[in-house]
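Text of the file run.cif, holding mmCIF, C-alpha atoms:
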data_query
loop_
_atom_site.label_atom_id
_atom_site.label_comp_id
_atom_site.auth_asym_id
_atom_site.auth_seq_id
_atom_site.Cartn_x
_atom_site.Cartn_y
_atom_site.Cartn_z
CA MET A 21 27.16 9.95 3.17
CA GLU A 22 26.74 6.30 4.21
CA LYS A 23 24.77 3.68 2.28
CA LEU A 24 22.85 0.94 4.06
CA THR A 25 20.34 -1.57 2.78
CA LEU A 26 17.55 -2.36 5.24
CA LYS A 27 15.47 -5.50 4.89
CA ILE A 28 11.86 -5.13 6.07
CA GLY A 29 9.48 -7.98 5.33
CA GLU A 30 10.61 -9.21 1.92
CA HIS A 31 11.70 -5.75 0.81
CA PHE A 32 15.10 -4.14 0.40
CA MET A 33 15.22 -0.43 1.24
CA GLN A 34 18.42 1.35 0.23
CA VAL A 35 19.12 4.23 2.61
CA MET A 36 21.56 7.08 1.96
CA CYS A 37 22.26 9.16 5.06
CA ALA A 38 24.95 11.59 6.25
CA SER A 39 23.95 11.51 9.94
CA GLY A 40 25.95 9.14 12.12
CA ASP A 41 23.21 9.23 14.77
CA VAL A 42 20.52 8.14 12.32
CA ILE A 43 22.74 5.40 10.87
CA HIS A 44 23.37 4.13 14.42
CA MET A 45 19.60 4.04 15.14
CA LEU A 46 18.96 2.10 11.94
CA LYS A 47 21.71 -0.41 12.68
CA THR A 48 20.30 -0.88 16.21
CA HIS A 49 16.73 -1.66 15.18
CA PHE A 50 16.77 -3.00 11.63
CA GLN A 51 18.19 -5.95 9.77
CA TYR A 52 20.76 -4.31 7.48
CA PHE A 53 23.49 -4.92 4.95
CA ASP A 54 26.43 -2.53 4.52
CA HIS A 55 27.55 -0.60 1.43
CA SER A 56 29.12 -3.70 -0.18
CA PHE A 57 25.68 -5.35 -0.54
CA GLU A 58 24.53 -5.17 -4.15
CA CYS A 59 20.88 -5.57 -5.09
CA GLN A 60 18.16 -3.68 -6.90
CA PRO A 61 16.33 -1.95 -4.02
CA ASP A 62 12.55 -1.95 -3.85
CA LEU A 63 12.69 1.61 -2.53
CA ALA A 64 15.57 4.13 -2.34
CA ILE A 65 15.42 6.50 0.64
CA LEU A 66 17.43 9.68 1.18
CA LEU A 67 17.33 10.18 4.95
CA GLU A 68 18.09 13.45 6.75
CA ASP A 69 17.93 14.64 10.33
CA GLY A 70 17.44 18.09 11.86
CA TYR A 71 13.82 18.40 10.75
CA GLY A 72 10.98 20.13 12.62
CA THR A 73 10.18 19.96 16.32
CA PRO A 74 9.84 17.15 18.90
CA PHE A 75 6.65 15.04 18.76
CA VAL A 76 3.47 17.13 19.05
CA ASP A 77 0.69 14.72 18.02
CA TYR A 78 -0.10 11.94 15.54
CA GLU A 79 -1.74 14.26 13.01
CA VAL A 80 -0.27 13.65 9.53
CA HIS A 81 -1.04 16.06 6.70
CA ILE A 82 -1.03 14.46 3.27
CA LEU A 83 -0.47 16.36 0.05
CA LYS A 84 -0.43 15.13 -3.54
CA GLU A 85 1.31 17.39 -6.05
CA GLY A 86 2.13 16.03 -9.49
CA ASN A 87 3.66 12.60 -8.99
CA GLN A 88 4.84 13.41 -5.45
CA ILE A 89 3.03 12.40 -2.26
CA SER A 90 3.98 14.18 0.97
CA PHE A 91 3.28 13.00 4.52
CA LEU A 92 3.95 15.82 6.96
CA ARG A 93 4.03 15.70 10.75
CA ALA A 94 5.59 18.20 13.18
CA ASP A 95 8.56 15.88 13.69
CA TYR A 96 8.91 14.25 10.27
CA SER A 97 8.44 14.78 6.56
CA ILE A 98 8.20 12.17 3.81
CA GLN A 99 8.21 12.83 0.07
CA VAL A 100 7.71 9.81 -2.15
CA ASP A 101 6.93 9.41 -5.83
CA ASP A 102 3.61 7.77 -6.58
CA ASP A 103 5.32 4.60 -7.89
CA TYR A 104 6.99 4.23 -4.48
CA LYS A 105 10.50 3.94 -5.96
CA GLN A 106 12.25 6.94 -4.37
CA ALA A 107 11.63 8.77 -1.11
CA THR A 108 13.15 11.58 0.89
CA VAL A 109 12.60 11.37 4.64
CA ALA A 110 13.55 14.07 7.16
CA VAL A 111 13.20 13.47 10.90
CA HIS A 112 13.65 15.29 14.18
CA ASP A 113 14.67 12.41 16.47
CA GLU A 114 14.54 8.63 17.01
CA LEU A 115 10.77 8.52 17.63
CA ALA A 116 10.17 10.51 14.45
CA LEU A 117 12.48 8.15 12.53
CA LYS A 118 10.54 5.09 13.68
CA HIS A 119 7.13 6.60 12.97
CA ALA A 120 8.21 8.00 9.59
CA LEU A 121 9.53 4.63 8.45
CA MET A 122 6.33 2.94 9.68
CA ASN A 123 4.29 5.48 7.73
CA LEU A 124 6.39 4.97 4.60
CA TYR A 125 6.53 1.17 4.82
CA SER A 126 2.79 0.86 5.50
CA SER A 127 2.00 3.04 2.48
CA PHE A 128 4.54 1.12 0.37
CA ILE A 129 3.06 -2.34 1.08
CA VAL A 130 -0.53 -1.17 0.54
CA HIS A 131 0.53 0.53 -2.72
CA HIS A 132 1.91 -2.81 -3.92
CA ASN A 133 -1.07 -4.73 -2.54
CA TRP A 134 1.50 -6.83 -0.69
CA GLY A 135 0.05 -6.66 2.81
CA LEU A 136 -0.72 -4.59 5.88
CA LEU A 137 0.93 -3.20 8.99
CA ILE A 138 -1.37 -3.97 11.92
CA HIS A 139 -1.39 -2.37 15.38
CA SER A 140 -0.82 -5.56 17.38
CA SER A 141 1.70 -7.92 18.92
CA CYS A 142 2.49 -11.35 17.49
CA VAL A 143 3.83 -14.50 19.15
CA ILE A 144 5.16 -17.76 17.68
CA GLU A 145 3.83 -21.03 19.10
CA GLU A 146 5.04 -24.28 17.50
CA GLY A 147 5.98 -22.61 14.23
CA ARG A 148 2.70 -20.73 13.82
CA ALA A 149 2.00 -17.05 14.49
CA HIS A 150 -0.77 -15.73 16.74
CA VAL A 151 -1.68 -12.04 16.66
CA PHE A 152 -2.99 -10.06 19.65
CA MET A 153 -4.76 -6.81 18.91
CA GLY A 154 -6.97 -4.41 20.80
CA HIS A 155 -7.62 -0.82 21.65
CA SER A 156 -4.93 1.16 23.44
CA GLY A 157 -4.37 -0.38 26.88
CA ALA A 158 -6.18 -3.64 26.05
CA GLY A 159 -3.03 -5.67 26.70
CA LYS A 160 -1.15 -6.21 23.43
CA SER A 161 2.28 -5.80 24.96
CA THR A 162 1.12 -7.45 28.21
CA ALA A 163 0.06 -10.55 26.25
CA ALA A 164 3.41 -10.49 24.46
CA LYS A 165 5.35 -10.30 27.75
CA LEU A 166 3.21 -13.03 29.34
CA SER A 167 3.98 -15.27 26.36
CA TYR A 168 7.69 -15.56 27.25
CA PRO A 169 9.70 -17.71 26.43
CA ARG A 170 7.86 -17.94 23.11
CA LYS A 171 9.47 -15.80 20.40
CA LEU A 172 7.89 -12.55 19.28
CA LEU A 173 7.49 -11.31 15.73
CA SER A 174 6.19 -7.94 16.92
CA ASP A 175 5.12 -6.09 20.06
CA GLU A 176 3.45 -3.06 18.45
CA ALA A 177 3.18 -3.25 14.66
CA THR A 178 2.76 -6.62 12.91
CA ILE A 179 3.80 -7.05 9.27
CA LEU A 180 1.32 -9.25 7.39
CA LYS A 181 1.97 -10.51 3.86
CA ILE A 182 -1.43 -11.26 2.38
CA THR A 183 -2.11 -13.43 -0.67
CA GLU A 184 -5.08 -15.53 -1.81
CA GLU A 185 -3.18 -18.64 -0.72
CA SER A 186 -1.67 -17.68 2.60
CA ILE A 187 -1.11 -15.06 5.28
CA THR A 188 2.48 -14.78 6.55
CA VAL A 189 3.81 -12.73 9.46
CA PHE A 190 7.29 -11.22 9.10
CA ASN A 191 9.52 -10.15 11.95
CA SER A 192 8.80 -6.48 12.64
CA PRO A 193 11.57 -3.94 13.32
CA PHE A 194 8.91 -1.46 14.48
CA ARG A 195 9.11 -2.30 18.18
CA SER A 196 7.81 -0.61 21.29
CA GLU A 197 9.99 -2.15 24.00
CA LEU A 198 10.65 -5.85 23.35
CA GLN A 199 13.52 -5.95 20.89
CA SER A 200 13.85 -8.51 18.16
CA THR A 201 16.13 -11.50 18.63
CA ASP A 202 15.89 -13.04 15.17
CA HIS A 203 15.43 -10.74 12.18
CA HIS A 204 15.09 -13.58 9.70
CA GLU A 205 12.04 -15.28 11.15
CA ASN A 206 8.63 -15.41 9.49
CA CYS A 207 5.67 -17.72 10.14
CA PRO A 208 2.26 -18.60 8.74
CA LEU A 209 -0.50 -16.82 10.62
CA ALA A 210 -2.75 -19.20 12.61
CA SER A 211 -5.09 -16.95 14.60
CA ILE A 212 -6.00 -13.40 15.58
CA GLN A 213 -7.13 -12.40 19.07
CA LEU A 214 -8.98 -9.21 19.96
CA LEU A 215 -8.03 -8.62 23.58
CA GLU A 216 -10.17 -7.81 26.60
CA GLN A 217 -8.62 -8.08 30.07
CA SER A 218 -10.91 -10.11 32.33
CA ARG A 219 -11.11 -12.12 35.58
CA SER A 220 -11.44 -15.36 33.63
CA ASN A 221 -10.21 -16.71 30.32
CA LYS A 222 -12.69 -17.12 27.49
CA ARG A 223 -12.28 -17.21 23.70
CA LEU A 224 -15.19 -16.57 21.31
CA LYS A 225 -14.92 -16.88 17.54
CA LEU A 226 -16.20 -13.81 15.68
CA LYS A 227 -18.21 -13.86 12.48
CA LYS A 228 -16.14 -12.76 9.51
CA ALA A 229 -17.96 -9.46 8.93
CA GLU A 230 -17.60 -8.48 12.58
CA ALA A 231 -13.94 -9.56 12.54
CA LEU A 232 -13.26 -7.40 9.50
CA LEU A 233 -15.03 -4.43 11.09
CA GLN A 234 -12.98 -4.82 14.29
CA MET A 235 -9.73 -4.91 12.30
CA THR A 236 -10.32 -1.82 10.17
CA ASP A 237 -9.12 0.67 12.79
CA LYS A 238 -6.09 -1.47 13.73
CA VAL A 239 -4.38 -0.92 10.37
CA PHE A 240 -1.57 1.65 10.37
CA PHE A 241 -2.44 3.74 7.36
CA TRP A 242 -2.51 7.29 6.12
CA SER A 243 -4.73 7.55 3.07
CA TYR A 244 -4.38 10.17 0.36
CA ARG A 245 -7.08 8.97 -2.04
CA ALA A 246 -10.38 7.09 -1.89
CA GLU A 247 -9.01 3.95 -3.59
CA GLU A 248 -6.70 3.17 -0.69
CA PRO A 249 -9.36 2.21 1.92
CA THR A 250 -10.89 -0.10 -0.70
CA LYS A 251 -7.54 -1.87 -1.16
CA ILE A 252 -7.19 -2.23 2.60
CA LEU A 253 -10.70 -3.64 2.92
CA ARG A 254 -10.03 -6.23 0.21
CA LEU A 255 -6.80 -7.27 1.92
CA LEU A 256 -8.63 -7.59 5.25
CA LYS A 257 -11.27 -9.72 3.56
CA LEU A 258 -8.54 -12.17 2.49
CA VAL A 259 -7.33 -12.26 6.10
CA VAL A 260 -10.71 -12.99 7.71
CA ASN A 261 -11.55 -15.55 5.02
CA GLU A 262 -8.37 -17.49 5.82
CA ILE A 263 -7.73 -16.87 9.51
CA PRO A 264 -10.07 -17.34 12.51
CA VAL A 265 -10.53 -14.17 14.57
CA TYR A 266 -11.45 -14.48 18.24
CA GLU A 267 -12.46 -12.20 21.07
CA LEU A 268 -10.06 -13.24 23.86
CA HIS A 269 -10.98 -12.36 27.44
CA PHE A 270 -7.80 -13.02 29.39
CA GLN A 271 -6.43 -12.97 32.91
CA LYS A 272 -3.11 -11.23 33.44
CA ASN A 273 -1.12 -14.47 33.45
CA ASN A 274 -0.06 -16.98 30.82
CA THR A 275 -3.01 -19.39 31.25
CA PHE A 276 -4.78 -17.90 28.22
CA TRP A 277 -2.40 -19.94 26.06
CA GLU A 278 -4.39 -23.06 27.04
CA LEU A 279 -7.20 -21.66 24.85
CA ILE A 280 -4.92 -20.97 21.88
CA SER A 281 -2.50 -23.87 21.53
CA MET B 25 -44.82 6.72 -0.90
CA ALA B 26 -41.10 7.55 -0.73
CA SER B 27 -38.76 5.14 -2.43
CA TYR B 28 -35.07 4.66 -1.78
CA ILE B 29 -32.00 3.59 -3.75
CA HIS B 30 -28.24 3.16 -3.22
CA LYS B 31 -26.58 6.57 -3.12
CA GLU B 32 -23.70 5.41 -5.33
CA LYS B 33 -21.76 2.28 -6.19
CA PHE B 34 -20.10 1.25 -2.93
CA GLU B 35 -17.51 -1.44 -2.33
CA VAL B 36 -19.49 -4.34 -0.84
CA LEU B 37 -17.80 -7.47 0.50
CA GLU B 38 -19.83 -10.65 1.07
CA LEU B 39 -18.71 -12.75 4.05
CA ASP B 40 -20.70 -15.88 4.96
CA GLY B 41 -24.03 -14.29 4.00
CA GLU B 42 -23.26 -11.01 5.77
CA SER B 43 -22.07 -7.85 4.06
CA VAL B 44 -19.49 -5.16 4.73
CA ILE B 45 -20.09 -1.85 2.93
CA LEU B 46 -17.36 0.74 2.56
CA ASN B 47 -18.21 4.39 2.15
CA ALA B 48 -14.66 5.37 1.18
CA ASP B 49 -15.31 9.10 0.98
CA ALA B 50 -16.52 9.14 4.58
CA PHE B 51 -14.00 6.49 5.77
CA MET B 52 -16.97 4.56 7.16
CA VAL B 53 -17.59 0.82 7.22
CA THR B 54 -21.05 -0.67 7.83
CA THR B 55 -21.83 -4.35 8.41
CA LEU B 56 -25.15 -5.94 7.55
CA ASN B 57 -26.46 -9.28 8.75
CA GLU B 58 -28.12 -11.76 6.39
CA VAL B 59 -31.53 -10.07 6.35
CA GLY B 60 -29.92 -6.64 6.09
CA SER B 61 -27.86 -7.88 3.13
CA PHE B 62 -31.04 -9.13 1.46
CA CYS B 63 -32.73 -5.75 1.99
CA TRP B 64 -29.61 -3.97 0.69
CA SER B 65 -29.83 -6.03 -2.51
CA LEU B 66 -33.38 -4.74 -3.06
CA LEU B 67 -32.10 -1.17 -3.05
CA HIS B 68 -30.18 -1.57 -6.30
CA GLU B 69 -33.42 -0.23 -7.77
CA PRO B 70 -35.89 2.26 -6.29
CA CYS B 71 -37.81 0.50 -3.53
CA THR B 72 -40.38 1.70 -0.98
CA ILE B 73 -40.45 0.55 2.63
CA ARG B 74 -43.79 -1.18 1.92
CA GLN B 75 -42.27 -3.11 -1.02
CA MET B 76 -39.28 -4.07 1.12
CA ILE B 77 -41.51 -5.36 3.92
CA GLN B 78 -43.60 -7.43 1.53
CA THR B 79 -40.54 -8.88 -0.22
CA VAL B 80 -38.90 -9.80 3.08
CA GLN B 81 -42.13 -11.40 4.36
CA THR B 82 -42.38 -13.46 1.18
CA HIS B 83 -38.70 -14.40 0.98
CA TYR B 84 -38.44 -15.49 4.62
CA ALA B 85 -42.06 -16.77 4.85
CA VAL B 86 -42.86 -14.61 7.89
CA GLU B 87 -45.93 -12.56 8.70
CA ASP B 88 -44.57 -10.99 11.86
CA GLU B 89 -45.62 -7.32 11.86
CA SER B 90 -42.66 -6.32 14.00
CA ILE B 91 -40.44 -6.49 10.92
CA GLU B 92 -42.16 -3.32 9.69
CA GLN B 93 -40.57 -1.36 12.51
CA ASP B 94 -37.25 -3.15 11.98
CA ILE B 95 -37.17 -2.27 8.30
CA GLU B 96 -38.15 1.35 8.92
CA GLN B 97 -35.26 1.59 11.40
CA PHE B 98 -32.96 -0.14 8.91
CA VAL B 99 -33.79 2.38 6.19
CA THR B 100 -33.32 5.29 8.61
CA HIS B 101 -29.94 3.84 9.62
CA LEU B 102 -28.80 3.51 6.00
CA MET B 103 -29.89 7.12 5.35
CA ASP B 104 -27.95 8.27 8.44
CA CYS B 105 -24.88 6.39 7.16
CA GLY B 106 -25.17 8.12 3.79
CA LEU B 107 -25.53 4.82 1.93
CA ILE B 108 -28.97 5.39 0.35
CA ARG B 109 -30.97 8.36 -0.88
CA HIS B 110 -34.53 9.16 -1.89
CA ALA B 111 -35.10 7.95 -5.44
CA SER B 112 -36.41 10.81 -7.52
#

Written as structure tokens, that's how I'd like the structure from this file.
Amino acid sequence: MEKLTLKIGEHFMQVMCASGDVIHMLKTHFQYFDHSFECQPDLAILLEDGYGTPFVDYEVHILKEGNQISFLRADYSIQVDDDYKQATVAVHDELALKHALMNLYSSFIVHHNWGLLIHSSCVIEEGRAHVFMGHSGAGKSTAAKLSYPRKLLSDEATILKITEESITVFNSPFRSELQSTDHHENCPLASIQLLEQSRSNKRLKLKKAEALLQMTDKVFFWSYRAEEPTKILRLLKLVVNEIPVYELHFQKNNTFWELIS
Amino acid sequence: MASYIHKEKFEVLELDGESVILNADAFMVTTLNEVGSFCWSLLHEPCTIRQMIQTVQTHYAVEDESIEQDIEQFVTHLMDCGLIRHAS
């Protein structure tokens, strides 16, 4: 059994795992510290492989029994106590591992009212972060690729820390294809773009209520009780009160940056 | 005449005069513009469509009869969204 401590956002996740393959995947994609690292973890995870079948669909069944919450998908299973201190995660393969840890981390940060995991890419320009979100195929990863050589904080799932005073984006290990180059980076959030591919570039600022509405279905979240959507909505309100949200119609080249920077 | 009232206590967020209402049980979010938010505030207590029309006409100093149709549609929409009910 190997012990690793993963750092995601500001959080330390202590992982115990007997599978060399899973440990290798974690070391490839996450910022980690080896067994000699001593700290009080925010969450302890017992991680196992050999679970279930390959990916079937995104349907997650959620059960609450006593103080245990279970998130069950064909290719992964998560059991976590309702204080989010200890979890057991079982996965089928690498995709299941990534999605299970996204599911667990998203639920963990909402539980602590710390922030949100948003379906989007995020690019750094002059020390400030700009988020690109949209429906599937709208161009999140295209916008990220076209933003080279600017650094990316995410290409699929953006980690937002949300407080009354500020919104900060942390480097996301939950990547689609563009791997992280600097695990330590985080930046204040400057703007959010809702993407529409177009023949010309145009950026329109949305009213706050419309911005909030547009963002609700971009949050990665699996709710097991009615209070959770309320927490998410309050966190989104802090975001749209602090950060301008735009509809960005963009050509498939890097000229859209003239409208942002 | 039928009167209407909020179905239950919903989470309502105010944003620059507009409102976002969360029906958490149905996982549904509804946005209201400024006039819609004003009408929503009237439905804390039982209110008929006629009363709503008169209050809106007075508050916004308008006599335009087309608002009658707008408010009837608004009430129908809120009923469809499960946000209000008939007040008994």

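The chain B residues that come within 12 Å of chain A are Phe34, Glu35, Val36, Leu37, Glu38, Leu39, Asp40, Gly41, Glu42, Ser43, Val44, Ile45, Leu46, Asn47, Ala48, Asp49, Ala50, Phe51, Met52, Val53, Thr54, Thr55, Leu56, Asn57, Glu58 and Ser61 of chain B, with only C-alpha atoms taken into account.
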
Original post:
Pick the closest to A:Tyr266 from A:Gly86, A:Gly154, A:Gly70, A:Gly29: which is it, counting all atoms listed in the file?
Top reply: A:Gly154

Subject >> Atom-to-atom span, atom CA of A:Thr183 and atom CA of A:Glu146, Å >> reply: 22.3 Å

Subject >> Contacts of B:Val80 at 12 Å (all atoms listed in the file; same-chain gap of 2+ positions) as JSON, numbers by chain >> reply: {"B": [58, 59, 60, 61, 62, 63, 64, 65, 66, 73, 74, 75, 76, 77, 78, 82, 83, 84, 85, 86, 87, 88, 89, 91, 92, 94, 95]}

Could you please take those selected residues and save C-alpha atoms as a PDB file, keeping the file's coordinate frame?
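Wrote selection_15.pdb, looks like this:
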ATOM      1  CA  GLU B  58     -28.120 -11.760   6.390  1.00  0.00           C
ATOM      2  CA  VAL B  59     -31.530 -10.070   6.350  1.00  0.00           C
ATOM      3  CA  GLY B  60     -29.920  -6.640   6.090  1.00  0.00           C
ATOM      4  CA  SER B  61     -27.860  -7.880   3.130  1.00  0.00           C
ATOM      5  CA  PHE B  62     -31.040  -9.130   1.460  1.00  0.00           C
ATOM      6  CA  CYS B  63     -32.730  -5.750   1.990  1.00  0.00           C
ATOM      7  CA  TRP B  64     -29.610  -3.970   0.690  1.00  0.00           C
ATOM      8  CA  SER B  65     -29.830  -6.030  -2.510  1.00  0.00           C
ATOM      9  CA  LEU B  66     -33.380  -4.740  -3.060  1.00  0.00           C
ATOM     10  CA  ILE B  73     -40.450   0.550   2.630  1.00  0.00           C
ATOM     11  CA  ARG B  74     -43.790  -1.180   1.920  1.00  0.00           C
ATOM     12  CA  GLN B  75     -42.270  -3.110  -1.020  1.00  0.00           C
ATOM     13  CA  MET B  76     -39.280  -4.070   1.120  1.00  0.00           C
ATOM     14  CA  ILE B  77     -41.510  -5.360   3.920  1.00  0.00           C
ATOM     15  CA  GLN B  78     -43.600  -7.430   1.530  1.00  0.00           C
ATOM     16  CA  THR B  82     -42.380 -13.460   1.180  1.00  0.00           C
ATOM     17  CA  HIS B  83     -38.700 -14.400   0.980  1.00  0.00           C
ATOM     18  CA  TYR B  84     -38.440 -15.490   4.620  1.00  0.00           C
ATOM     19  CA  ALA B  85     -42.060 -16.770   4.850  1.00  0.00           C
ATOM     20  CA  VAL B  86     -42.860 -14.610   7.890  1.00  0.00           C
ATOM     21  CA  GLU B  87     -45.930 -12.560   8.700  1.00  0.00           C
ATOM     22  CA  ASP B  88     -44.570 -10.990  11.860  1.00  0.00           C
ATOM     23  CA  GLU B  89     -45.620  -7.320  11.860  1.00  0.00           C
ATOM     24  CA  ILE B  91     -40.440  -6.490  10.920  1.00  0.00           C
ATOM     25  CA  GLU B  92     -42.160  -3.320   9.690  1.00  0.00           C
ATOM     26  CA  ASP B  94     -37.250  -3.150  11.980  1.00  0.00           C
ATOM     27  CA  ILE B  95     -37.170  -2.270   8.300  1.00  0.00           C
TER      28      ILE B  95
END

Given the file above and the PyMOL selection byres ((chain A and resi 223) around 10), which residues are selected, and can you give them as a PDB file with C-alpha atoms, keeping the file's coordinate frame?
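Final file, result.pdb:
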ATOM      1  CA  GLN A 213      -7.130 -12.400  19.070  1.00  0.00           C
ATOM      2  CA  LEU A 214      -8.980  -9.210  19.960  1.00  0.00           C
ATOM      3  CA  LEU A 215      -8.030  -8.620  23.580  1.00  0.00           C
ATOM      4  CA  ASN A 221     -10.210 -16.710  30.320  1.00  0.00           C
ATOM      5  CA  LYS A 222     -12.690 -17.120  27.490  1.00  0.00           C
ATOM      6  CA  LEU A 224     -15.190 -16.570  21.310  1.00  0.00           C
ATOM      7  CA  LYS A 225     -14.920 -16.880  17.540  1.00  0.00           C
ATOM      8  CA  LEU A 226     -16.200 -13.810  15.680  1.00  0.00           C
ATOM      9  CA  VAL A 265     -10.530 -14.170  14.570  1.00  0.00           C
ATOM     10  CA  TYR A 266     -11.450 -14.480  18.240  1.00  0.00           C
ATOM     11  CA  GLU A 267     -12.460 -12.200  21.070  1.00  0.00           C
ATOM     12  CA  LEU A 268     -10.060 -13.240  23.860  1.00  0.00           C
ATOM     13  CA  HIS A 269     -10.980 -12.360  27.440  1.00  0.00           C
ATOM     14  CA  PHE A 270      -7.800 -13.020  29.390  1.00  0.00           C
ATOM     15  CA  PHE A 276      -4.780 -17.900  28.220  1.00  0.00           C
ATOM     16  CA  LEU A 279      -7.200 -21.660  24.850  1.00  0.00           C
ATOM     17  CA  ILE A 280      -4.920 -20.970  21.880  1.00  0.00           C
TER      18      ILE A 280
END

Original post:
Of the candidates A:Asp113, A:Glu205, A:Asp41, A:Asp101, which shows the shortest atom-to-atom distance to A:Gly72, using only C-alpha atoms?
Top reply: A:Asp113

Subject >> Selected residue of minimal separation from A:Pro169 among A:Ser156, A:Gln234, A:Ser186, A:Asn274, counting only C-alpha atoms >> reply: A:Asn274

**OP:** Run the PyMOL selection byres ((chain A and resi 175-178) around 10) mentally over the shown coordinates, then write out the matched residues as a PyMOL selection string, using the chain letters and numbers from the document.
**Re:** chain A and resi 122+136-143+151-153+160-165+172-174+179-181+189-200+238-240

Original post:
For this file, the PyMOL selection byres ((chain B and resi 68) around 10) selects which residues, as a ChimeraX atom specification?
Top reply: /B:28-33,63-67,69-71,108

Original post:
What is the distance between atom CA of A:Val100 and atom CA of A:Met33, in Å to one decimal?
Top reply: 13.1 Å

Original post:
Could you pull the residues within 10 Å of A:Phe75, counting all atoms listed in the file, minus those fewer than 6 positions along the same chain, as a list in words?
Top reply: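 My list of contacting residues is Arg93, Ala94, Asp95, Tyr96, His112, Asp113, Leu115 and Ala116 of chain A.
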
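We find atom CA of A:Ile187 and atom CA of A:Phe128 to be spaced 17.8 Å apart.
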
**OP:** Extract, using all atoms listed in the file, all DNA, RNA and protein residues at most 7 Å from A:Ala107, discarding same-chain residues fewer than 6 positions from it, and format them as an NGL selection string.
**Re:** :A and (64-66 or 98-101)
